[in-house]
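Here the structure is laid out as structure tokens; the discussion comes afterwards.
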Amino acid sequence: MGLQRTRQQGHTIESIHEAMLDLRQIYPNAGAREMISLLFHEKGMSVARTVIRAYFAIYEPDLVRERKAQRLKRKRFWAAGVNDLFATLGHIPMVTQSDPGTENYGIANAHTMLRQWHDPALQGTLQHRWMRTKKNVMPAITWSQLRRRFTPGFESILDRGVDEGWYDSSNTLQVMVFCWVFIPWLQRELDAYWDRMNNTAKRRDRNKVLPHGVPNLIYNSPEDFGALDFKITAERDAIDHVRGIYINPNHPVFDLVPANLNNYIQQCYKRMGCPIVDRGSAWTVYCALLNTLQHNSDLGLLDDTGDEDSDGELEDLPLLDNHQDLPFNEVGYYMGGVGGGLGLDTVHHRQLESLVEEDEPDVPVDGDVNLVGLDHDGLVVWDFSNNEDDEISNADQW
């Protein structure tokens, strides 16, 4: 990326002040670790934790006290390895999970059919976990972090349009233009948030029986972090088969706005010179498009906003018949799909032990006569740096 390391950039409280003020408008609740990551990913600035803490102490003492006053309720959680619980494009996990509710039956059915396509032995068991009584721990934590870190700043941007009288949710044309402008922009912002979170090392947590490091590195090279990979490559025929059963690609839900209106707005947008839509310009572009549409002589093109019958009420999707839930292993609170839902077996444990052995340096047992009185089968020395600048630059330069 061509970025200099923390020491080379040599930032001070004064040099980061303007960038901090800009980021605070969108991320008012970000703490030290997150602000270091934001400065790196959005401003290209590699800043030491000591500088950030000093900045907070001088400019934001009240916010520091507010964050310290928060109390978290900790719960232990573990997964057997990568792709045990969560999915990514092109692959499927062993199980999916969600809160109970008919709105999640489609996910449960589709994933179960995909898993059974690749492993017929799973017939009769639902490859989905219903996380009852507040047990949907990891998604709930992720959602809570998104609400705290990402949402406040963008809500303030959206509220401005309402406060200024630019947007009225009862005005159909305004709603359509809003969807056309703001949804793609917000999706890009969420994609950037997702990329930053998955490429930033998380704080080490003794309550997690999970690998520690940069999530994308763990996912792509689990063996380097002492983890197993339970990835299942989905066949194209399987995906097409399940999609044909559960998805209607022509349903209006997949369109930002009705097709004829989308084409018309696109023409107006091109005549405006296709201005960039970002945090500072979203409402400007919206107002310009809205004004063009409201004063255009071809408003007759907007009368037909779609087939009302095509967006009628859908019947509730039933859950697959004659399928039992996976067993629940209460030992260690395991909710994955390995071992039929019971967790790791002896084969998996041997695989994990081999990963640990491969990661250990080759040190002879009797190589040092000075190690008298130590009960060991070989000595492993791990070097840790107490240099904060190195720690931060290494963690945030991905």
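To be explicit about the labels: the chains of the structure tokens are called A, B, and onward in the order shown, and within each one the residues are counted from 1, while ligands get numbers from 1 in the order they are shown.
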
Residue contacts of Gly106 (chain A) (10 Å, only C-alpha atoms) excluding same-chain residues fewer than 4 positions away, as a list in words: Thr102, Ala110, His111, Thr112, Tyr246, Ile247, Asp316, Leu317, Pro318, Leu319 and Leu320 of chain A

Region 69-264 of chain A: residues DSSP assigns to helix (DSSP H, G or I), reported as JSON, numbers by chain: {"A": [102, 103, 104, 105, 106, 107, 108, 109, 110, 111, 112, 113, 114, 115, 116, 117, 118, 120, 121, 122, 137, 138, 139, 140, 141, 142, 143, 144, 145, 146, 147, 148, 149, 151, 152, 153, 154, 155, 156, 157, 158, 159, 160, 161, 162, 163, 172, 173, 174, 175, 176, 177, 178, 179, 180, 181, 182, 183, 184, 185, 186, 187, 188, 189, 190, 191, 192, 193, 194, 195, 196, 197, 198, 215, 216, 217, 218, 219, 220, 222, 223, 224, 225, 236, 237, 238, 239, 240, 241, 242, 243, 244, 245, 246, 252, 253, 254, 259, 260, 261, 262, 263, 264]}

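Picture a line from CA of Glu42 (chain A) to CA of Trp180 (chain A); it runs 25.1 Å.
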
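Counting from CA of Leu290 (chain A), the distance to CA of Ile265 (chain A) is 9.2 Å.
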
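Those residues that approach Ala19 (chain A) to within 8 Å, counting only C-alpha atoms, are Ile16, Asp22, Leu23, Leu39 and Lys43 of chain A; same-chain residues fewer than 3 positions away are not listed.
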
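Residue nearest Pro184 (chain A) within the list A:Ala282, A:Ala259, A:Val347, A:Met272: A:Ala282 [criterion: smallest interatomic distance, only C-alpha atoms].
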
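Separating CA of Val338 (chain A) from CA of Gln116 (chain A) is a distance of 14.5 Å.
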
Contacts of Leu256 (chain A) within 8 Å, only C-alpha atoms, excl. fewer than 3 positions in-chain, as an NGL selection string: :A and (176 or 179-180 or 183 or 253 or 262)
